[in-house]
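The structure under discussion appears below in the form of structure tokens.
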Amino acid sequence: MNLFAARLTGKMLSTEAFEKAIQDMQARVKRWREIEKSPELAEYQELKKKVESSDFQERKNELANRKYKDTDEGKKMSAFEKLNSSLRMKGYQYALESETFQAFLKYRDSDAFQNKEDNSITASERRMYNMIFRSAFYKNYQKVLNSPELQQLTELQKEIQTEDFQKRNAFWADSKRWEHSEEYKIEQRYLELAKSEDIKFYFESREEKIDWAELFRPAFEDNMISNKNWKAGYGYANPAMKDGHSRTNEQQAYNNGKNTFFAEGRMDIETRHESKKAVAWDEKKGFTEHVFEYTSDVMNTKEAFSQEAGMFMAKVRSQGSGHHFFGLSTGKPGAPMVALYHYNGDVHQMGLIDGDRTRMGDLTGVLRSMYHVYTFRWTKNEIVWYVNNLEILRLRNSLPKEAMFLLAQSFLPGKEKGGEGKLKVQWARVYRAVD
């Protein structure tokens with residue numbers, strides 16, 4: 001992969017722009033997580049479930065669209081008004097309110113009604129009462145008195161005068177009953193929350209790439225201020241192994257962390273031209289003492305953390321002679337290693353170092369004076385390498401299957417021209433894996 005061409009064509013972001021994208025993403029995820037735990041989101045989701053339910057929608061439709069005349073209250077009021085306004089019922093009501101008619105009823109029920117000679121009323125009153133007795137007005141009264149219509153009207157009047165009916169009737173008679181309902185208040189609160197910038201951001205981000213953003217939840221962060229997370233050596237799993245040894249076919253002795261410097265928020269591993277006697281591994285003789293012309297270091301984070309799967313990122317560059325490596329190791333000799341960054345003295349590489357199955361992607365057009373962010377994403381299905389935002393290599397077979405830790409080293413192969421050099425790690429981050 002030619003990084004120079006990728007930069008020119010705009011396929012690869014500059015390191016500065018990519019770091020800004022990382023920071024923006026971390027800020028987005030932090031905000032997303034805060035919203036995820038917020039009472040506003042919990043309220044919104046509860047209201048959404050309620051408002052979108054069939055029961056709520058049916059109730060809304062009823063309140064907003066049902067005609068008053070079709071309600072039970074409207075029907076009863078209509079029946080009452082129809083009965084109460086009929087001529088028969090008006091005549092009956094008039095009879096109840098007429099003093100003359102009430103006097104007639106009293107006369108009708110007295111002995112004087114049958115006794116023509118009774119002098120308790122005057123002759124003119126008797127004539128008037130007799131006229132009422134023969135009138136259609138009285139006949140209407142008689143018909144209404146024990147009629148089903150009067151019974152229905154009486155029952156309706158009794159019901160509509162209750163406080164409960166009055167409240168219900170006033171509600172259903174209100175042309176703006178939906179706006180005055182509790183359901184309307186619930187829906188308005190739901191709509192208010194739905195317009196919230198936080199709620200919109202939460203769902204837009206989730207639909208976008210929150211599965212990828214989830215990887216930006218730090219599980220380990222080396223602050224790079226001290227070496228408390230970095231120890232000298234290979235971090236061998238077998239305590240019997242001589243950790244931090246060199247090989248006799250190399251030109252440097254590892255210097256037990258003395259060639260590693262933490263300053264300005266950066267870790268530098270220096271390869272220096274200086275003689276040192278140290279234990280080295282010889283393929284034929286085993287461990288033996290050997291005099292080296294250079295010193296350097298190999299550093300690991302085994303005691304601070306190891307992790308299976310996740311996202312591993314480092315902002316790295318190197319300078320000078322030698323090979324420079326930053327990646328992942330299990331601490332077992334011969335086990336696969338992951339190279340986030342490897343300069344082999346000729347080209348930069350990323351990939352999986354695994355004996356005969358080693359698979360590496362070469363990077364050309366790399367300016368060694370420039371920092372790049374090297375990333376390794378490791379899931380149960382695949383592993384992917386990136387430089388800044390540019391994908392370099394993707395593997396789906398023979399994946400690592402055990403926890404690994406960070407390993408950084410600078411070394412000089414024996415067959416190459418010697419010289420001083422540096423591996424510079426501006427920062428390193430590890431993020432937990434998400435299924």
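Here, A, B, ... name the chains of the structure tokens in the order displayed, residue numbers run from 1 inside each chain, and ligands are numbered from 1 in the same displayed order.
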
Write out as a Markdown table a residue-level contact list of segment 12-120 of chain A versus segment 388-412 of chain A with cut-off 8 Å: for each qualifying residue the closest pair of atoms and the distance in Å to one decimal, counting only C-alpha atoms, rows sorted by chain and residue number upward.
```
| residue | atom | partner | partner_atom | distance |
| --- | --- | --- | --- | --- |
| A:Met12 | CA | A:Leu390 | CA | 5.4 |
| A:Leu13 | CA | A:Asn389 | CA | 6.3 |
| A:Ser14 | CA | A:Asn388 | CA | 7.4 |
| A:Thr15 | CA | A:Asn388 | CA | 6.2 |
| A:Phe18 | CA | A:Asn388 | CA | 5.9 |
```

Surrounding residues of Met131 of chain A excluding itself and chain neighbours under 6 positions, 12 Å, only C-alpha atoms, as a PyMOL selection string: chain A and resi 101+104+108+124-125+137-139

Residue selection dump (N, CA and C atoms) as a compact mmCIF listing (two decimals), in the first residue's frame:
```txt
# COMPACT_ATOMS: atom_id res chain seq x y z
N PHE A 101 -104.48 24.93 37.68
CA PHE A 101 -104.59 23.49 37.42
C PHE A 101 -104.40 22.69 38.70
N PHE A 104 -107.52 22.79 40.44
CA PHE A 104 -108.46 21.89 39.79
C PHE A 104 -108.25 20.46 40.27
N ARG A 108 -110.86 18.16 41.90
CA ARG A 108 -111.24 16.87 41.30
C ARG A 108 -111.21 15.74 42.32
N SER A 124 -118.89 30.03 39.35
CA SER A 124 -117.95 30.31 38.25
C SER A 124 -116.74 29.39 38.33
N GLU A 125 -116.25 29.13 39.57
CA GLU A 125 -115.11 28.21 39.72
C GLU A 125 -115.49 26.81 39.27
N PHE A 137 -106.21 19.64 27.38
CA PHE A 137 -105.09 19.92 28.28
C PHE A 137 -105.04 18.89 29.40
N TYR A 138 -106.25 18.62 29.97
CA TYR A 138 -106.33 17.65 31.06
C TYR A 138 -106.06 16.24 30.54
N LYS A 139 -106.59 15.94 29.34
CA LYS A 139 -106.36 14.61 28.77
C LYS A 139 -104.86 14.38 28.54
```

Backbone-only DSSP, strand (DSSP E or B) members of segment 313-398 of chain A, as a PyMOL selection string: chain A and resi 313-320+323-329+337-343+348-353+359-364+372-378+383-387+390-395

Write a file of the just-selected residues containing N, CA and C atoms, as a short mmCIF file (atom, residue, chain, number, x, y, z; two decimals), in the first residue's frame.
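Final file, selection_27.cif:
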```
data_model
loop_
_atom_site.label_atom_id
_atom_site.label_comp_id
_atom_site.auth_asym_id
_atom_site.auth_seq_id
_atom_site.Cartn_x
_atom_site.Cartn_y
_atom_site.Cartn_z
N MET A 313 -4.33 0.72 19.42
CA MET A 313 -3.91 1.86 18.61
C MET A 313 -2.62 2.44 19.17
N ALA A 314 -1.80 2.94 18.28
CA ALA A 314 -0.57 3.61 18.71
C ALA A 314 -0.17 4.64 17.67
N LYS A 315 0.29 5.76 18.15
CA LYS A 315 0.82 6.80 17.27
C LYS A 315 2.34 6.67 17.31
N VAL A 316 2.92 6.27 16.18
CA VAL A 316 4.31 5.82 16.18
C VAL A 316 5.07 6.40 14.99
N ARG A 317 6.36 6.58 15.19
CA ARG A 317 7.30 6.79 14.09
C ARG A 317 8.66 6.29 14.56
N SER A 318 9.58 6.17 13.64
CA SER A 318 10.94 5.75 14.01
C SER A 318 11.94 6.56 13.21
N GLN A 319 13.18 6.50 13.63
CA GLN A 319 14.23 7.22 12.92
C GLN A 319 15.54 6.47 13.06
N GLY A 320 16.44 6.72 12.15
CA GLY A 320 17.76 6.11 12.23
C GLY A 320 17.79 4.67 11.76
N HIS A 323 15.82 -2.09 13.20
CA HIS A 323 14.42 -2.51 13.09
C HIS A 323 13.66 -1.97 14.30
N HIS A 324 12.43 -1.56 14.06
CA HIS A 324 11.61 -1.00 15.14
C HIS A 324 10.25 -1.68 15.09
N PHE A 325 9.79 -2.11 16.26
CA PHE A 325 8.56 -2.91 16.32
C PHE A 325 7.66 -2.40 17.44
N PHE A 326 6.38 -2.32 17.12
CA PHE A 326 5.37 -2.06 18.15
C PHE A 326 4.18 -2.96 17.82
N GLY A 327 3.81 -3.83 18.76
CA GLY A 327 2.70 -4.75 18.47
C GLY A 327 2.25 -5.52 19.69
N LEU A 328 1.83 -6.75 19.46
CA LEU A 328 1.23 -7.57 20.51
C LEU A 328 1.92 -8.93 20.60
N SER A 329 2.03 -9.42 21.82
CA SER A 329 2.68 -10.71 22.05
C SER A 329 1.95 -11.48 23.14
N MET A 337 2.61 -13.31 16.73
CA MET A 337 2.72 -11.93 17.22
C MET A 337 2.03 -11.02 16.21
N VAL A 338 1.49 -9.92 16.71
CA VAL A 338 0.81 -8.95 15.86
C VAL A 338 1.71 -7.73 15.72
N ALA A 339 1.99 -7.34 14.49
CA ALA A 339 2.77 -6.13 14.23
C ALA A 339 1.82 -5.00 13.88
N LEU A 340 1.66 -4.05 14.82
CA LEU A 340 0.96 -2.81 14.45
C LEU A 340 1.88 -1.95 13.60
N TYR A 341 3.13 -1.91 14.05
CA TYR A 341 4.12 -1.11 13.34
C TYR A 341 5.42 -1.91 13.32
N HIS A 342 5.98 -2.09 12.13
CA HIS A 342 7.26 -2.76 12.02
C HIS A 342 8.05 -2.13 10.89
N TYR A 343 9.20 -1.57 11.23
CA TYR A 343 10.11 -1.09 10.20
C TYR A 343 11.26 -2.08 10.14
N HIS A 348 8.12 -0.33 5.84
CA HIS A 348 7.23 -0.45 6.99
C HIS A 348 6.21 -1.55 6.70
N GLN A 349 5.82 -2.27 7.75
CA GLN A 349 4.92 -3.39 7.58
C GLN A 349 3.89 -3.44 8.70
N MET A 350 2.77 -4.10 8.41
CA MET A 350 1.76 -4.42 9.43
C MET A 350 1.27 -5.84 9.12
N GLY A 351 0.95 -6.58 10.17
CA GLY A 351 0.41 -7.90 9.90
C GLY A 351 0.61 -8.88 11.03
N LEU A 352 0.49 -10.17 10.68
CA LEU A 352 0.57 -11.27 11.66
C LEU A 352 1.86 -12.03 11.43
N ILE A 353 2.70 -12.10 12.45
CA ILE A 353 3.95 -12.85 12.40
C ILE A 353 3.69 -14.22 13.00
N ARG A 359 1.82 -13.29 7.59
CA ARG A 359 1.13 -12.50 6.57
C ARG A 359 1.30 -11.02 6.90
N MET A 360 2.02 -10.32 6.03
CA MET A 360 2.33 -8.92 6.29
C MET A 360 1.92 -8.06 5.11
N GLY A 361 1.50 -6.84 5.42
CA GLY A 361 1.20 -5.86 4.39
C GLY A 361 2.28 -4.80 4.39
N ASP A 362 2.93 -4.61 3.24
CA ASP A 362 4.01 -3.62 3.13
C ASP A 362 3.43 -2.22 2.91
N LEU A 363 4.08 -1.23 3.55
CA LEU A 363 3.67 0.17 3.42
C LEU A 363 4.79 0.94 2.75
N THR A 364 4.52 1.45 1.57
CA THR A 364 5.50 2.29 0.89
C THR A 364 5.05 3.74 0.96
N HIS A 372 2.18 8.43 12.33
CA HIS A 372 0.89 7.91 11.86
C HIS A 372 0.26 7.13 13.01
N VAL A 373 -1.06 6.98 12.94
CA VAL A 373 -1.76 6.17 13.93
C VAL A 373 -1.97 4.79 13.33
N TYR A 374 -1.41 3.79 13.99
CA TYR A 374 -1.50 2.41 13.54
C TYR A 374 -2.51 1.68 14.42
N THR A 375 -3.44 1.01 13.77
CA THR A 375 -4.56 0.41 14.50
C THR A 375 -4.72 -1.06 14.13
N PHE A 376 -5.05 -1.84 15.13
CA PHE A 376 -5.32 -3.26 14.95
C PHE A 376 -6.66 -3.57 15.60
N ARG A 377 -7.64 -3.97 14.80
CA ARG A 377 -8.97 -4.34 15.32
C ARG A 377 -9.11 -5.84 15.28
N TRP A 378 -9.46 -6.40 16.42
CA TRP A 378 -9.46 -7.86 16.60
C TRP A 378 -10.82 -8.29 17.14
N ILE A 383 -9.47 -9.99 11.85
CA ILE A 383 -8.53 -8.98 12.35
C ILE A 383 -8.21 -8.04 11.19
N VAL A 384 -8.14 -6.74 11.51
CA VAL A 384 -7.96 -5.72 10.47
C VAL A 384 -6.91 -4.72 10.95
N TRP A 385 -6.04 -4.33 10.02
CA TRP A 385 -5.01 -3.34 10.32
C TRP A 385 -5.31 -2.05 9.54
N TYR A 386 -5.02 -0.93 10.17
CA TYR A 386 -5.22 0.38 9.53
C TYR A 386 -4.01 1.26 9.78
N VAL A 387 -3.75 2.16 8.84
CA VAL A 387 -2.89 3.32 9.08
C VAL A 387 -3.80 4.53 8.98
N LEU A 390 -7.01 4.36 6.85
CA LEU A 390 -6.85 3.54 5.65
C LEU A 390 -6.65 2.06 6.02
N GLU A 391 -7.54 1.20 5.53
CA GLU A 391 -7.40 -0.23 5.78
C GLU A 391 -6.22 -0.79 4.98
N ILE A 392 -5.36 -1.58 5.66
CA ILE A 392 -4.17 -2.12 5.03
C ILE A 392 -4.28 -3.62 4.81
N LEU A 393 -4.79 -4.32 5.80
CA LEU A 393 -4.80 -5.78 5.73
C LEU A 393 -5.99 -6.30 6.53
N ARG A 394 -6.64 -7.35 6.00
CA ARG A 394 -7.78 -7.97 6.69
C ARG A 394 -7.62 -9.49 6.60
N LEU A 395 -7.66 -10.16 7.74
CA LEU A 395 -7.53 -11.62 7.78
C LEU A 395 -8.71 -12.23 8.52
#
```

For His273 of chain A, the nearest of the candidates A:Lys49, A:Arg177, A:Lys76, A:Lys422, counting only C-alpha atoms: A:Lys422

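For the atom pair formed by atom CA of Asn229 of chain A and atom CA of Thr330 of chain A, the distance is 16.3 Å, given to one decimal.
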